[in-house]
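Q: Quick one: this structure, given as structure tokens, is what I'll be asking you about.
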Amino acid sequence: MYSEKVMDHFTNPRNVGEIKNADGIGEVGNPKCGDIMKMYLKIEDGVITDVKFKTFGCGAAIATSSMATELVKGKTIEEALKVTNKRVAEELGGLPSAKLHCSLLAEQAIKAALLDYAKKNNIEIEELKDFDPNEDPHHH
Amino acid sequence: MYSEKVMDHFTNPRNVGEIKNADGIGEVGNPKCGDIMKMYLKIEDGVITDVKFKTFGCGAAIATSSMATELVKGKTIEEALKVTNKRVAEELGGLPSAKLHCSLLAEQAIKAALLDYAKKNNIEIEELKDFDPNEDPHHH
Amino acid sequence: MATKVYMDYAATTPVKKEVLDSMIPYYTEKYGNPSSVYSLGRESRKTIDESREKIANILGANPKEIYFTSGGSEADNWAIKAVAMANKDKGNHIITSKIEHHAVLHTCEYLEKHGFEVTYLDVDEYGMVDLEQLKKSITDKTILISIMFANNEIGTIQPIKEIGQIAREKGVYFHTDAVQAVGNVKIDVNELNIDMMSMSAHKIYGPKGIGALYIKKGVKIDPHIHGGAQERKRRAGTENVAGIVGFAKAMELAYENLEEHISKLTKLRDKLINDVKNKIDYVRLNGHPEKRLPGNASFCIEFIEGEALLLNLDMAGIAASSGSACTSGSLDPSHVLMAIGLPHEIAHGSLRLTLGDFTTEKDVDYVVEKLVEIVDRLRQMSPLYEKVKGV
Amino acid sequence: MATKVYMDYAATTPVKKEVLDSMIPYYTEKYGNPSSVYSLGRESRKTIDESREKIANILGANPKEIYFTSGGSEADNWAIKAVAMANKDKGNHIITSKIEHHAVLHTCEYLEKHGFEVTYLDVDEYGMVDLEQLKKSITDKTILISIMFANNEIGTIQPIKEIGQIAREKGVYFHTDAVQAVGNVKIDVNELNIDMMSMSAHKIYGPKGIGALYIKKGVKIDPHIHGGAQERKRRAGTENVAGIVGFAKAMELAYENLEEHISKLTKLRDKLINDVKNKIDYVRLNGHPEKRLPGNASFCIEFIEGEALLLNLDMAGIAASSGSACTSGSLDPSHVLMAIGLPHEIAHGSLRLTLGDFTTEKDVDYVVEKLVEIVDRLRQMSPLYEKVKGV
Ligand SMILES: Cc1ncc(COP(=O)(O)O)c(C=O)c1O
Ligand SMILES: Cc1ncc(COP(=O)(O)O)c(C=O)c1O
């Protein structure tokens with residue numbers, strides 16, 4: 001069902017946990033749908049120096065969270081904004097179609113954390129102008 | 001499917017053949033329905049001294065013919081007239097319900113042969129007054 | 001990882017050795033078509049008749065009331081669709097419950113698209129139907145009540161005799177999906193007022209792909225598969241002779257040892273339930289505390305999601321199941337967990353452990369040990385647990 | 001008497017050793033439910049997928065177009081009823097032939113009772129449908145043509161590709177019951193313009209109780225069994241994993257050795273036909289002289305009745321079959337023999353000998369020897385033979 005890469009990230013998720021005094025925190029999803037992702041970012045000079053996550057969700061949700069943290073760690077905000085759900089899924093060697101929404105959730109969790117950072121620091125991030133972290137990626 | 005008795009009479013039918021110059025010959029059934037029975041009787045002083053049959057038909061048709069010949073051999077005409085289809089079936093240890101019509105055919109073949117004997121000898125047999133050998137026992 | 005502990009007997013069971021042994025000759029030397037008149041065929045016919053008789057005797061039925069099918073789903077479909085079609089001049093209303101197997105529910109939904117009306121009865125928090133609601137739901141147009149004997153997810157056993165009684169008083173047919181109950185409960189179809197009953201062999205250590213529908217004499221029902229004269233012209237197709245033999249053997253074994261089976265499983269199950277409750281907090285038992293299948297332990301483990309749990313259990317060599325949404329690829333948790341009133345977020349953490357004849361106390365201990373570890377690990381990464389614990 | 005010579009391969013076949021061997025593990029250690037997410041379940045799922053692929057490849061189909069059923073009868077019922085239901089807004093007319101298997105004919109008769117109209121095409125003396133009559137029978141309301149690939153009684157093979165072509169040109173679905181053709185004829189569903197095709201494993205040395213329906217992508221058809229998500233939600237029920245594996249193995253074996261199988265059987269069959277014709281007078285061969293199944297030899301032996309013949313053959317250890325009325329308990333001979341224009345009295349003497357992979361030349365010799373004796377004995381007691389011979 002899941003690729004080896006997914007199973008690896010599910011079994012040994014990278015960057016699990018939380019960051020005290022994080023610069024940005026994003027939480028997306030809702031427990032009714034069975035997935036919640038919470039991302040913590042440490043940002044210094046526009047670079048993501050540390051990232052942690054906590055996820056309530058299925059195997060794919062945990063693996064995509066883990067992969068997403070790897071993909072943004074050490075990157076600039078601009079680079080992080082380019083980490084799309086498609087990219088996360090690809091890096092994991094693909095996801096079953098019923099699980100693609102999990103990768104969307106990962107993308108959104110990062111964006112939500114960045115939005116939180118921007119708000120706290122009174123920065124305007126052009127790419128997040130229309131982003132609503134409470135929008136439900138499940139479309140149901 | 002068939003009782004042992006039926007199989008015995010089917011495999012080793014008694015009294016197969018024909019009687020030259022028979023005193024009475026009866027043929028009933030029709031090939032469309034898959035059974036024809038032909039009975040030959042030798043009758044002396046009102047007693048059936050010999051009987052033979054030929055049958056085109058299924059296992060039950062052959063077995064009932066055989067049993068019927070055994071039941072009438074050596075009997076008076078009156079006694080032979082009492083050999084009903086029920087009696088033939090009983091003596092064979094029963095017949096599958098789909099095959100009961102075969103025993104009726106055997107009863108009718110004997111009656112037809114007796115009627116033939118009666119006609120040839122200008123005798124009136126009370127019991128055969130209403131008997132029609134061409135009546136189809138299948139009722140279809 | 002290879003399966004070390006199988007705790008999903010409600011999903012399916014291995015075929016017992018005696019069962020398989022009874023089947024093999026019907027694949028090899030005794031292969032005759034039961035409809036053939038020669039000895040090889042008659043032998044198959046006789047075997048089918050004997051198997052039918054064995055099953056009928058166990059259930060207090062007449063052999064002529066047992067019709068073999070390809071399994072439980074087919075039996076459910078047949079019973080419901082064909083009673084509906086055969087009785088539509090009498091009425092178009094069917095009553096069932098919200099916690100039926102999909103083979104019943106989706107069949108009812110199909111009939112709804114074709115002019116039938118279906119009442120889906122509620123169940124209480126334990127998964128029990130309400131007999132008063134049932135009575136009130138019956139109208140002049142009601143032709144069929146279909147209520148499952150025992151639920152596959154939460155194990156709850158319904159008051160079948162009482163339901164049958166109500167149906168009979170109102171002159172309505174009563175079908176029960178007994179796929180999970182057979183082999184775990186003593187069943188006398190007459191005593192329990194059952195008109196139709198679905199069964200499946202693979203839940204009781206028989207082969208997959210064979211089952212039966214009990215149809216009480218006199219029930220007005222259409223044939224299911226048209227064709228040859230098999231199954232008294234109601235279900236055509238060359239009979240799965242080996243499957244039928246295996247099914248009968250499995251039934252025999254199940255009912256020879258029923259009491260022992262029930263008491264052994266109940267003991268193991270209760271140990272499992274108690275250990276889980278004692279060692280893990282925020283856990284609830286789903287289903288009825290007493291009126292439940294002897295081998296069923298169904299939980300909701302809060303703050304974690306069922307699929308992640310199952311995958312971890314699988315990696316520990318434990319086979320289990322969940323009514324979680326993610327398992328099925330849909331987004332909503334199982335209709336059964338919803339019907340007993342669980343909130344979505346809790347239903348997502350459901351875990352079904354079902355025990356069977358090969359389960360040992362050691363298995364139970366191993367599962368509890370691993371479960372404690374896994375739940376702990378998953379909760380550590382759950383943002384929901386964090387909130388509760390106030391971390 | 002135990003069977004010495006089996007000559008009823010068209011009725012059913014023994015399961016080949018390789019086939020049974022491939023099945024056993026799925027009863028014992030690999031018993032997982034294919035719908036389960038743990039490894040034991042995933043393994044079953046994978047096996048089903050692989051089996052589906054094997055069968056699809058052999059038929060030139062896409063694996064997604066193969067749906068497993070409990071056999072040929074179910075496949076026929078599904079194809080016809082569910083296309084009828086799904087397309088009734090388009091029309092209510094179905095075309096079939098007079099010599100179809102009962103699984104097709106009785107299904108059509110059932111639909112006639114529910115508002116559909118059915119044309120039953122005639123066949124010629126060889127059992128061939130007339131393509132001109134077929135064309136003329138198609139109307140605006142025609143939604144389905146169902147013509148069997150090869151006939152089970154007389155072995156005649158229809159011009160499937162041409163029938164498919166006609167159906168396609170008229171925008172009508174084409175279903176073929178290929179239960180007898182599979183394993184005996186090379187089949188490419190696309191080349192032959194087939195939209196749906198019924199198959200059954202037990203005719204090709206696989207187990208009883210498993211078969212398949214090929215459904216071309218895009219065909220509008222209702223699901224057959226509602227319930228779980230098995231078979232792409234079109235045919236619910238826990239899969240008969242062992243049966244599916246055995247079916248795929250049997251298909252593989254059949255098509256690996258197809259040419260050898262055909263040439264061997266054709267040779268034996270022709271020897272049988274010639275010997276019977278040479279040694280017994282008043283015999284006719286039923287079915288097409290060339291366009292027939294390699295293993296089918298169907299005769300009418302005049303002046304004797306089929307059941308009596310079969311019983312005698314059985315006592316000589318020979319398993320054979322007949323389209324005689326008496327075999328079936330009905331009074332009319334088979335509809336197939338009637339449709340090819342045989343008079344009742346001759347149809348009553350029908351004998352079907354069907355050869356298979358375990359048939360030897362010695363078997364053929366033995367059957368001919370016994371047949372000569374038995375026919376002679378029965379004719380001696382037949383009042384019809386007496387007339388012909390003028391005895
Ligand atoms: C032509 C044909 N169609 C359908 C069937 C039915 O197949 P099954 O016995 O698998 O239901 C058979 C054999 O019985 C057959 O010969
Ligand atoms: C309650 C219930 N009904 C019906 C079924 C379907 O039975 P089968 O898999 O034999 O079609 C199952 C099991 O899958 C079940 O648990």
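Ligands are numbered from 1 in the order shown, residues from 1 within each chain, and chains are lettered A, B, ... in the order they appear in the structure tokens.
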List all protein, DNA and RNA residues that have any atom at most 6 Å from ligand 2, counting only C-alpha atoms and all ligand atoms, and write the list as a ChimeraX atom specification.

A: /C:71-73,101,103,151-152,177,179-180,200 /D:237-238

Q: I need the residues from that last selection saved to file as a tab-separated table (two decimals), in the first residue's frame (with C-alpha atoms), if you can.

A:
```tsv
chain	number	residue	atom	x	y	z
C	71	GLY	CA	-20.76	-16.32	1.02
C	72	GLY	CA	-22.38	-13.93	3.44
C	73	SER	CA	-22.64	-10.97	1.10
C	101	HIS	CA	-22.86	-4.81	7.41
C	103	ALA	CA	-23.85	-6.07	2.32
C	151	ASN	CA	-22.20	-6.92	14.92
C	152	ASN	CA	-18.86	-7.45	13.21
C	177	ASP	CA	-27.26	-11.57	9.04
C	179	VAL	CA	-22.30	-14.22	9.67
C	180	GLN	CA	-20.59	-13.27	12.93
C	200	SER	CA	-20.42	-17.54	5.77
D	237	GLY	CA	-18.00	-10.46	-0.68
D	238	THR	CA	-14.75	-11.68	0.80
```

Q: Produce as a PyMOL selection string the set of residues near ligand 1, where near means within 10 Å with only C-alpha atoms and all ligand atoms considered.

A: (chain C and resi 33+35+225-228+230+235-240) or (chain D and resi 10-12+69-77+99-104+148-153+155+176-181+198-203+207-212)

Q: With only C-alpha atoms as the counted atoms, please give the residues lying no more than 10 Å from Asn134 of chain B, apart from itself and same-chain residues fewer than 6 positions off, as number ranges by chain.

A: B: 27-30, 108, 112

Q: Write out as a PyMOL selection string all residues of chain B that DSSP puts in alpha helix (DSSP H) for this structure's backbone.

A: chain B and resi 4-11+59-72+77-81+85-91+100-120

Q: Name the residues in contact with segment 372-384 of chain C at a cut-off of 6 Å, using only C-alpha atoms, excluding same-chain residues fewer than 5 positions from it; report them as a PDB file with N, CA and C atoms, in the first residue's frame.

A:
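Final output, saved to part38.pdb:
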```
ATOM      1  N   LYS A  54       4.096  17.837  15.349  1.00  0.00           N
ATOM      2  CA  LYS A  54       3.291  16.809  16.017  1.00  0.00           C
ATOM      3  C   LYS A  54       2.100  16.527  15.115  1.00  0.00           C
ATOM      4  N   THR A  55       1.786  15.282  14.954  1.00  0.00           N
ATOM      5  CA  THR A  55       0.682  14.916  14.065  1.00  0.00           C
ATOM      6  C   THR A  55      -0.202  13.857  14.687  1.00  0.00           C
ATOM      7  N   PHE A  56      -1.492  14.121  14.588  1.00  0.00           N
ATOM      8  CA  PHE A  56      -2.499  13.101  14.882  1.00  0.00           C
ATOM      9  C   PHE A  56      -3.031  12.693  13.514  1.00  0.00           C
TER      10      PHE A  56
ATOM     11  N   PHE C 303      -6.919  10.141  21.069  1.00  0.00           N
ATOM     12  CA  PHE C 303      -5.769  10.983  20.652  1.00  0.00           C
ATOM     13  C   PHE C 303      -4.865  10.318  19.630  1.00  0.00           C
TER      14      PHE C 303
END
```
